[in-house]
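Data block for coords09.pdb (PDB, C-alpha atoms):
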ATOM      1  CA  MET A   1     229.427  54.710   6.417
ATOM      2  CA  LYS A   2     231.431  55.526   9.515
ATOM      3  CA  ARG A   3     234.718  55.634   7.598
ATOM      4  CA  THR A   4     233.208  57.785   4.856
ATOM      5  CA  ALA A   5     231.723  60.212   7.395
ATOM      6  CA  LEU A   6     235.071  60.600   9.165
ATOM      7  CA  ALA A   7     236.874  61.195   5.876
ATOM      8  CA  VAL A   8     234.308  63.831   4.836
ATOM      9  CA  LEU A   9     234.543  65.512   8.248
ATOM     10  CA  PHE A  10     238.329  65.639   8.039
ATOM     11  CA  LEU A  11     238.159  67.078   4.518
ATOM     12  CA  CYS A  12     235.772  69.803   5.699
ATOM     13  CA  LEU A  13     238.128  70.698   8.552
ATOM     14  CA  VAL A  14     241.094  70.984   6.190
ATOM     15  CA  ILE A  15     239.127  73.234   3.822
ATOM     16  CA  ALA A  16     237.977  75.424   6.722
ATOM     17  CA  MET A  17     241.522  75.778   8.026
ATOM     18  CA  ALA A  18     242.796  76.666   4.558
ATOM     19  CA  SER A  19     240.247  79.487   4.327
ATOM     20  CA  LEU A  20     241.520  81.156   7.497
ATOM     21  CA  PRO A  21     243.785  84.216   7.041
ATOM     22  CA  ALA A  22     247.417  83.139   7.103
ATOM     23  CA  SER A  23     249.831  84.962   9.376
ATOM     24  CA  ALA A  24     252.461  86.959   7.499
ATOM     25  CA  ASP A  25     255.998  85.646   7.295
ATOM     26  CA  THR A  26     259.095  87.624   6.372
ATOM     27  CA  LEU A  27     259.753  86.681   2.760
ATOM     28  CA  PHE A  28     262.712  89.039   2.217
ATOM     29  CA  THR A  29     264.358  91.781   4.288
ATOM     30  CA  THR A  30     267.257  94.199   4.337
ATOM     31  CA  LEU A  31     266.235  95.502   7.781
ATOM     32  CA  GLY A  32     268.456  94.791  10.745
ATOM     33  CA  PRO A  33     267.550  93.358  14.155
ATOM     34  CA  GLY A  34     264.297  94.805  15.464
ATOM     35  CA  GLY A  35     263.590  96.495  12.139
ATOM     36  CA  SER A  36     266.706  98.683  12.327
ATOM     37  CA  TYR A  37     268.149 100.721   9.446
ATOM     38  CA  ASN A  38     270.775 103.421   8.835
ATOM     39  CA  SER A  39     268.908 106.533   9.985
ATOM     40  CA  SER A  40     271.697 108.921   8.905
ATOM     41  CA  SER A  41     271.820 108.192   5.159
ATOM     42  CA  LEU A  42     269.105 107.835   2.522
ATOM     43  CA  TRP A  43     268.207 107.847  -1.160
ATOM     44  CA  SER A  44     265.878 110.416  -2.700
ATOM     45  CA  VAL A  45     262.297 109.677  -3.668
ATOM     46  CA  SER A  46     261.175 113.042  -4.970
ATOM     47  CA  GLY A  47     258.638 114.984  -6.985
ATOM     48  CA  SER A  48     259.559 117.046 -10.030
ATOM     49  CA  ASP A  49     260.605 120.127  -8.003
ATOM     50  CA  TYR A  50     263.424 118.025  -6.552
ATOM     51  CA  GLY A  51     264.470 116.055  -9.634
ATOM     52  CA  ASP A  52     261.616 113.563 -10.065
ATOM     53  CA  VAL A  53     263.734 110.752  -8.628
ATOM     54  CA  VAL A  54     262.217 107.253  -8.601
ATOM     55  CA  THR A  55     264.154 104.602  -6.668
ATOM     56  CA  GLY A  56     263.958 100.811  -6.842
ATOM     57  CA  ASN A  57     265.656  97.877  -5.148
ATOM     58  CA  ARG A  58     265.582  94.229  -6.183
ATOM     59  CA  PHE A  59     264.390  91.381  -3.973
ATOM     60  CA  THR A  60     264.184  87.621  -4.381
ATOM     61  CA  LEU A  61     261.489  85.127  -3.417
ATOM     62  CA  GLY A  62     262.871  81.654  -2.814
ATOM     63  CA  SER A  63     259.461  80.099  -3.427
ATOM     64  CA  GLY A  64     256.018  81.111  -4.612
ATOM     65  CA  ALA A  65     254.196  83.385  -2.164
ATOM     66  CA  THR A  66     251.312  85.775  -1.640
ATOM     67  CA  VAL A  67     252.726  89.175  -0.677
ATOM     68  CA  SER A  68     250.645  90.895   2.012
ATOM     69  CA  ASN A  69     252.721  94.042   2.455
ATOM     70  CA  ALA A  70     256.043  95.793   2.089
ATOM     71  CA  VAL A  71     257.634  97.788   4.925
ATOM     72  CA  LEU A  72     259.908 100.684   3.909
ATOM     73  CA  ALA A  73     262.149 102.886   6.077
ATOM     74  CA  LEU A  74     261.168 106.396   4.936
ATOM     75  CA  ALA A  75     261.422 110.040   5.986
ATOM     76  CA  ASN A  76     259.794 113.256   4.813
ATOM     77  CA  ILE A  77     262.556 115.788   4.095
ATOM     78  CA  PHE A  78     260.793 118.749   2.454
ATOM     79  CA  GLY A  79     257.244 119.582   1.438
ATOM     80  CA  PRO A  80     253.956 117.954   2.430
ATOM     81  CA  SER A  81     254.192 114.408   3.745
ATOM     82  CA  THR A  82     252.091 113.035   0.912
ATOM     83  CA  PRO A  83     251.834 109.285   0.299
ATOM     84  CA  VAL A  84     254.454 107.515  -1.791
ATOM     85  CA  ASN A  85     253.408 105.207  -4.621
ATOM     86  CA  VAL A  86     255.045 101.800  -4.233
ATOM     87  CA  TYR A  87     255.078  99.098  -6.887
ATOM     88  CA  ILE A  88     256.243  95.520  -7.273
ATOM     89  CA  GLU A  89     257.736  95.093 -10.733
ATOM     90  CA  SER A  90     259.007  92.139 -12.709
ATOM     91  CA  ASP A  91     262.705  91.543 -13.265
ATOM     92  CA  ASN A  92     263.802  91.913 -16.888
ATOM     93  CA  SER A  93     267.350  90.496 -17.126
ATOM     94  CA  GLY A  94     268.453  92.385 -14.010
ATOM     95  CA  SER A  95     266.418  95.555 -14.617
ATOM     96  CA  PRO A  96     262.904  96.556 -13.530
ATOM     97  CA  GLY A  97     260.299  95.382 -16.028
ATOM     98  CA  ILE A  98     256.540  95.883 -15.887
ATOM     99  CA  VAL A  99     254.379  96.835 -12.891
ATOM    100  CA  LEU A 100     252.830  93.708 -11.371
ATOM    101  CA  ALA A 101     251.155  95.199  -8.284
ATOM    102  CA  SER A 102     250.499  98.615  -6.743
ATOM    103  CA  LEU A 103     250.725  98.886  -2.956
ATOM    104  CA  THR A 104     248.831 101.261  -0.661
ATOM    105  CA  GLN A 105     250.517 103.312   2.063
ATOM    106  CA  VAL A 106     249.248 103.001   5.635
ATOM    107  CA  GLY A 107     249.850 106.051   7.840
ATOM    108  CA  THR A 108     251.984 109.158   7.278
ATOM    109  CA  ILE A 109     255.696 109.336   6.568
ATOM    110  CA  PRO A 110     257.423 110.910   9.619
ATOM    111  CA  SER A 111     259.811 113.832   9.399
ATOM    112  CA  TYR A 112     263.527 113.320   8.788
ATOM    113  CA  SER A 113     264.192 115.494  11.852
ATOM    114  CA  LEU A 114     262.419 112.837  13.929
ATOM    115  CA  GLY A 115     264.421 109.974  12.418
ATOM    116  CA  GLY A 116     261.753 108.867   9.930
ATOM    117  CA  GLY A 117     260.183 105.484  10.478
ATOM    118  CA  LEU A 118     258.917 102.218   9.068
ATOM    119  CA  LEU A 119     255.866 102.554   6.816
ATOM    120  CA  THR A 120     253.643  99.683   5.745
ATOM    121  CA  PHE A 121     252.336  99.401   2.180
ATOM    122  CA  THR A 122     249.619  96.796   1.721
ATOM    123  CA  CYS A 123     249.236  94.551  -1.304
ATOM    124  CA  SER A 124     245.859  93.066  -2.220
ATOM    125  CA  GLY A 125     244.398  91.089  -5.086
ATOM    126  CA  VAL A 126     245.587  88.290  -7.339
ATOM    127  CA  ASN A 127     248.538  90.384  -8.565
ATOM    128  CA  CYS A 128     250.131  89.885  -5.148
ATOM    129  CA  ASP A 129     250.503  86.139  -5.834
ATOM    130  CA  LEU A 130     254.078  85.796  -7.079
ATOM    131  CA  ALA A 131     256.173  82.871  -8.248
ATOM    132  CA  ALA A 132     259.709  82.224  -7.024
ATOM    133  CA  GLY A 133     262.234  84.575  -8.611
ATOM    134  CA  ASN A 134     263.562  88.142  -8.702
ATOM    135  CA  TYR A 135     261.420  91.264  -8.452
ATOM    136  CA  TRP A 136     261.832  95.013  -7.890
ATOM    137  CA  LEU A 137     260.296  97.218  -5.202
ATOM    138  CA  VAL A 138     259.945 100.740  -6.614
ATOM    139  CA  ALA A 139     258.999 103.975  -4.813
ATOM    140  CA  LEU A 140     257.690 107.110  -6.547
ATOM    141  CA  GLU A 141     256.604 110.451  -5.054
ATOM    142  CA  PRO A 142     253.725 111.896  -7.120
ATOM    143  CA  ASP A 143     253.685 115.340  -5.450
ATOM    144  CA  PRO A 144     256.083 117.682  -7.325
ATOM    145  CA  ALA A 145     256.716 119.768  -4.194
ATOM    146  CA  THR A 146     257.634 116.857  -1.904
ATOM    147  CA  LEU A 147     261.035 115.303  -1.194
ATOM    148  CA  GLN A 148     261.024 111.985   0.630
ATOM    149  CA  GLY A 149     263.967 109.812   1.603
ATOM    150  CA  TRP A 150     264.396 106.024   1.571
ATOM    151  CA  TYR A 151     266.947 105.047   4.224
ATOM    152  CA  TYR A 152     269.986 102.869   3.654
ATOM    153  CA  THR A 153     269.984  99.347   5.013
ATOM    154  CA  TYR A 154     271.378  99.042   8.520
ATOM    155  CA  ASN A 155     274.661  97.400   7.479
ATOM    156  CA  ASN A 156     275.174  99.524   4.330
ATOM    157  CA  ALA A 157     275.322  96.482   2.067
ATOM    158  CA  THR A 158     275.877  97.307  -1.613
ATOM    159  CA  THR A 159     273.682  96.139  -4.456
ATOM    160  CA  ASN A 160     272.346  97.157  -7.868
ATOM    161  CA  LEU A 161     269.793  99.949  -7.457
ATOM    162  CA  ALA A 162     267.403 101.252 -10.088
ATOM    163  CA  GLU A 163     266.809 104.951 -10.593
ATOM    164  CA  GLY A 164     264.891 107.231 -12.925
ATOM    165  CA  THR A 165     264.080 110.934 -13.274
ATOM    166  CA  SER A 166     261.111 110.803 -15.641
ATOM    167  CA  GLY A 167     258.447 110.477 -12.974
ATOM    168  CA  SER A 168     257.557 107.014 -14.249
ATOM    169  CA  PRO A 169     257.811 103.798 -12.197
ATOM    170  CA  THR A 170     259.117 101.929 -15.275
ATOM    171  CA  GLY A 171     262.073 102.450 -17.583
ATOM    172  CA  LEU A 172     264.515 102.809 -14.676
ATOM    173  CA  THR A 173     268.282 102.577 -15.124
ATOM    174  CA  VAL A 174     270.261 100.127 -13.016
ATOM    175  CA  ILE A 175     273.328 101.475 -11.215
ATOM    176  CA  SER A 176     275.713  98.988  -9.630
ATOM    177  CA  GLY A 177     277.647  99.005  -6.381
ATOM    178  CA  TYR A 178     275.348 101.341  -4.430
ATOM    179  CA  THR A 179     274.013 101.026  -0.907
ATOM    180  CA  GLU A 180     270.727  99.148  -0.841
ATOM    181  CA  THR A 181     267.585 100.565   0.691
ATOM    182  CA  ALA A 182     265.958  99.373   3.914
ATOM    183  CA  PHE A 183     262.753  97.392   3.410
ATOM    184  CA  GLN A 184     260.979  94.129   4.089
ATOM    185  CA  ILE A 185     258.552  91.982   2.103
ATOM    186  CA  ASP A 186     255.950  90.064   4.127
ATOM    187  CA  GLY A 187     253.457  87.437   3.088
ATOM    188  CA  SER A 188     252.573  83.767   3.055
ATOM    189  CA  PRO A 189     254.527  81.117   1.148
ATOM    190  CA  SER A 190     252.435  79.098  -1.268
ATOM    191  CA  ALA A 191     251.204  75.856   0.314
ATOM    192  CA  SER A 192     250.426  72.642  -1.522
ATOM    193  CA  THR A 193     247.103  70.930  -0.800
ATOM    194  CA  PRO A 194     247.144  67.186   0.026
ATOM    195  CA  GLU A 195     245.575  64.946  -2.608
ATOM    196  CA  PRO A 196     242.091  63.507  -1.914
ATOM    197  CA  SER A 197     243.621  60.058  -1.408
ATOM    198  CA  SER A 198     245.612  61.452   1.505
ATOM    199  CA  PHE A 199     242.411  62.706   3.143
ATOM    200  CA  MET A 200     240.859  59.256   2.870
ATOM    201  CA  GLN A 201     243.924  57.537   4.323
ATOM    202  CA  ILE A 202     243.978  59.861   7.300
ATOM    203  CA  GLY A 203     240.241  59.341   7.837
ATOM    204  CA  ARG A 204     240.649  55.562   7.830
ATOM    205  CA  ALA A 205     243.537  55.819  10.280
ATOM    206  CA  HIS A 206     241.135  57.192  12.898
ATOM    207  CA  VAL A 207     238.468  54.506  12.463
TER     208      VAL A 207
END
Structure translated into structure tokens:
Amino acid sequence: MKRTALAVLFLCLVIAMASLPASADTLFTTLGPGGSYNSSSLWSVSGSDYGDVVTGNRFTLGSGATVSNAVLALANIFGPSTPVNVYIESDNSGSPGIVLASLTQVGTIPSYSLGGGLLTFTCSGVNCDLAAGNYWLVALEPDPATLQGWYYTYNNATTNLAEGTSGSPTGLTVISGYTETAFQIDGSPSASTPEPSSFMQIGRAHV
């Protein structure tokens, strides 16, 4: 009875710990030290009055993970500082595919004249649970009278960007050899749960 009670107690503790909120890790980033970015150059994320430009950048997850948020280096250039719509999309042979998750902006995008800033976009729900592989982070400005900017990465690394002018987050065209945007993906890597036999062995070890 004593061994069984200890094993059950240990199992309950493991389950309780697993239910606690996990602290966010950096899953992918193009930001520099201290969250730095190139504050002098940026890509457009604009409404229809400024070309309806939608911009996307690819990122890779080395293992399965639950994405908690994305952090983008943004600036409001013209028009109201309305929220940007940010999406995580699948990778379709090197191009953005379908929308997997929609993220919600926290706070207001600062003015370009003030150097812009880092904005957090939260991800919630089962659609934020992603397997290892390639994905796209896509930003769209829904307000036709607003022009936002997505800053270059701090070291001006080149990559394949995705761009569109239809006002849609999908159907973007990939352009190669362009400076990547500054952003970070945070979350918690998927964790495997020990088998029940492991619980029992650990419980017996403390008898």
*Among the residues A:Cys128, A:Val106, A:Leu140, A:Val53, the one that comes closest to Pro169 in chain A [using all atoms listed in the file]*: A:Leu140
_Around the point (258.6, 112.4, -15.7) (coordinates from the file), which residues reach within 10 Å if we count all atoms listed in the file? Answer as a list in words._
Gly47, Ser48, Gly51, Asp52, Val53, Val54, Pro142, Gly164, Thr165, Ser166, Gly167, Ser168 and Pro169 of chain A
With C-alpha atoms retained, write the just-selected residues as a PDB file, in the coordinates of the input.
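Output saved as out.pdb:
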ATOM      1  CA  GLY A  47     258.638 114.984  -6.985  1.00  0.00           C
ATOM      2  CA  SER A  48     259.559 117.046 -10.030  1.00  0.00           C
ATOM      3  CA  GLY A  51     264.470 116.055  -9.634  1.00  0.00           C
ATOM      4  CA  ASP A  52     261.616 113.563 -10.065  1.00  0.00           C
ATOM      5  CA  VAL A  53     263.734 110.752  -8.628  1.00  0.00           C
ATOM      6  CA  VAL A  54     262.217 107.253  -8.601  1.00  0.00           C
ATOM      7  CA  PRO A 142     253.725 111.896  -7.120  1.00  0.00           C
ATOM      8  CA  GLY A 164     264.891 107.231 -12.925  1.00  0.00           C
ATOM      9  CA  THR A 165     264.080 110.934 -13.274  1.00  0.00           C
ATOM     10  CA  SER A 166     261.111 110.803 -15.641  1.00  0.00           C
ATOM     11  CA  GLY A 167     258.447 110.477 -12.974  1.00  0.00           C
ATOM     12  CA  SER A 168     257.557 107.014 -14.249  1.00  0.00           C
ATOM     13  CA  PRO A 169     257.811 103.798 -12.197  1.00  0.00           C
TER      14      PRO A 169
END
*Which one of A:Thr29, A:Gln105, A:Ser93, A:Thr120 sits closest to Leu61 in chain A if you count only C-alpha atoms?*
A:Thr29
*Excluding range 31-40 of chain A and any residue of its chain fewer than 4 positions from it, enumerate the residues within 7 Å of it, using only C-alpha atoms, and give them as a list in words.*
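Once the adjacent positions are removed, what remains is Gly115, Tyr151, Tyr152, Thr153, Tyr154, Ala182, Phe183 and Gln184 of chain A.
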*For CA of Pro144 in chain A and CA of Tyr178 in chain A, the interatomic separation in Å (one decimal)*: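 Interatomic distance here is 25.4 Å.
Going from CA of Leu137 in chain A over to CA of Trp150 in chain A, you cover 11.8 Å.
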*May I ask for the distance between CA of Thr104 in chain A and CA of Leu161 in chain A, given in Å to one decimal place?*
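Going from CA of Thr104 in chain A over to CA of Leu161 in chain A covers 22.1 Å.
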Written record: range 122-149 of chain A, N, CA, C and O atoms, as a CSV table (one decimal), in the first residue's frame:
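Contents of part.csv, as written:
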chain,number,residue,atom,x,y,z
A,122,THR,N,-0.4,38.0,-29.9
A,122,THR,CA,-0.7,36.7,-29.2
A,122,THR,C,-1.4,35.7,-30.0
A,122,THR,O,-2.2,36.0,-30.9
A,123,CYS,N,-1.0,34.4,-29.8
A,123,CYS,CA,-1.6,33.3,-30.5
A,123,CYS,C,-2.3,32.4,-29.4
A,123,CYS,O,-1.7,32.1,-28.4
A,124,SER,N,-3.6,32.0,-29.6
A,124,SER,CA,-4.3,31.2,-28.7
A,124,SER,C,-5.1,30.2,-29.4
A,124,SER,O,-5.5,30.4,-30.6
A,125,GLY,N,-5.3,29.1,-28.7
A,125,GLY,CA,-6.1,28.0,-29.3
A,125,GLY,C,-5.3,26.9,-29.9
A,125,GLY,O,-4.1,27.0,-29.9
A,126,VAL,N,-6.0,25.8,-30.3
A,126,VAL,CA,-5.3,24.6,-30.7
A,126,VAL,C,-4.5,24.9,-32.0
A,126,VAL,O,-3.6,24.1,-32.4
A,127,ASN,N,-4.9,25.9,-32.8
A,127,ASN,CA,-4.2,26.2,-34.1
A,127,ASN,C,-2.8,26.7,-33.8
A,127,ASN,O,-2.0,26.8,-34.8
A,128,CYS,N,-2.5,27.0,-32.6
A,128,CYS,CA,-1.1,27.5,-32.3
A,128,CYS,C,-0.2,26.3,-32.0
A,128,CYS,O,1.0,26.6,-31.8
A,129,ASP,N,-0.7,25.1,-32.0
A,129,ASP,CA,0.1,23.9,-31.8
A,129,ASP,C,0.7,23.5,-33.1
A,129,ASP,O,-0.1,23.0,-34.0
A,130,LEU,N,2.0,23.6,-33.4
A,130,LEU,CA,2.6,23.4,-34.7
A,130,LEU,C,3.6,22.3,-34.6
A,130,LEU,O,4.3,22.2,-33.6
A,131,ALA,N,3.7,21.5,-35.7
A,131,ALA,CA,4.7,20.5,-35.8
A,131,ALA,C,6.0,21.1,-36.3
A,131,ALA,O,6.0,22.3,-36.7
A,132,ALA,N,7.1,20.4,-36.2
A,132,ALA,CA,8.4,20.9,-36.7
A,132,ALA,C,8.2,21.1,-38.2
A,132,ALA,O,7.5,20.4,-38.9
A,133,GLY,N,8.9,22.1,-38.7
A,133,GLY,CA,8.8,22.4,-40.2
A,133,GLY,C,8.9,23.9,-40.5
A,133,GLY,O,9.1,24.7,-39.6
A,134,ASN,N,8.6,24.3,-41.7
A,134,ASN,CA,8.6,25.6,-42.2
A,134,ASN,C,7.2,26.2,-42.2
A,134,ASN,O,6.2,25.6,-42.5
A,135,TYR,N,7.2,27.5,-41.8
A,135,TYR,CA,5.9,28.3,-41.8
A,135,TYR,C,6.2,29.7,-42.3
A,135,TYR,O,7.3,30.1,-42.5
A,136,TRP,N,5.1,30.5,-42.4
A,136,TRP,CA,5.2,31.9,-42.8
A,136,TRP,C,4.5,32.8,-41.8
A,136,TRP,O,3.4,32.4,-41.4
A,137,LEU,N,5.1,33.9,-41.5
A,137,LEU,CA,4.5,34.9,-40.7
A,137,LEU,C,4.1,36.1,-41.6
A,137,LEU,O,5.0,36.6,-42.3
A,138,VAL,N,2.8,36.4,-41.7
A,138,VAL,CA,2.3,37.3,-42.7
A,138,VAL,C,1.6,38.5,-42.0
A,138,VAL,O,0.8,38.3,-41.1
A,139,ALA,N,1.9,39.7,-42.5
A,139,ALA,CA,1.3,40.9,-41.9
A,139,ALA,C,0.4,41.6,-42.9
A,139,ALA,O,0.9,41.9,-44.1
A,140,LEU,N,-0.8,42.0,-42.5
A,140,LEU,CA,-1.7,42.7,-43.4
A,140,LEU,C,-2.3,43.9,-42.7
A,140,LEU,O,-2.7,43.8,-41.6
A,141,GLU,N,-2.4,45.0,-43.4
A,141,GLU,CA,-3.0,46.2,-42.8
A,141,GLU,C,-4.4,46.4,-43.4
A,141,GLU,O,-4.6,46.6,-44.6
A,142,PRO,N,-5.5,46.2,-42.6
A,142,PRO,CA,-6.8,46.2,-43.1
A,142,PRO,C,-7.4,47.6,-43.4
A,142,PRO,O,-8.3,47.8,-44.2
A,143,ASP,N,-6.8,48.7,-42.8
A,143,ASP,CA,-7.3,50.0,-43.0
A,143,ASP,C,-6.7,50.6,-44.3
A,143,ASP,O,-5.5,50.7,-44.4
A,144,PRO,N,-7.6,51.0,-45.3
A,144,PRO,CA,-7.1,51.5,-46.6
A,144,PRO,C,-6.2,52.7,-46.4
A,144,PRO,O,-5.4,53.0,-47.3
A,145,ALA,N,-6.5,53.5,-45.4
A,145,ALA,CA,-5.8,54.8,-45.3
A,145,ALA,C,-4.5,54.8,-44.4
A,145,ALA,O,-4.0,55.8,-44.0
A,146,THR,N,-4.1,53.6,-44.1
A,146,THR,CA,-2.9,53.4,-43.2
A,146,THR,C,-1.7,52.8,-43.9
A,146,THR,O,-1.9,51.8,-44.6
A,147,LEU,N,-0.6,53.3,-43.6
A,147,LEU,CA,0.7,52.7,-44.1
A,147,LEU,C,1.6,52.4,-42.9
A,147,LEU,O,2.0,53.3,-42.2
A,148,GLN,N,1.8,51.1,-42.7
A,148,GLN,CA,2.7,50.7,-41.7
A,148,GLN,C,4.0,50.2,-42.3
A,148,GLN,O,4.1,50.0,-43.5
A,149,GLY,N,5.0,50.1,-41.5
A,149,GLY,CA,6.3,49.5,-41.9
A,149,GLY,C,6.8,48.4,-41.1
A,149,GLY,O,6.6,48.4,-39.8
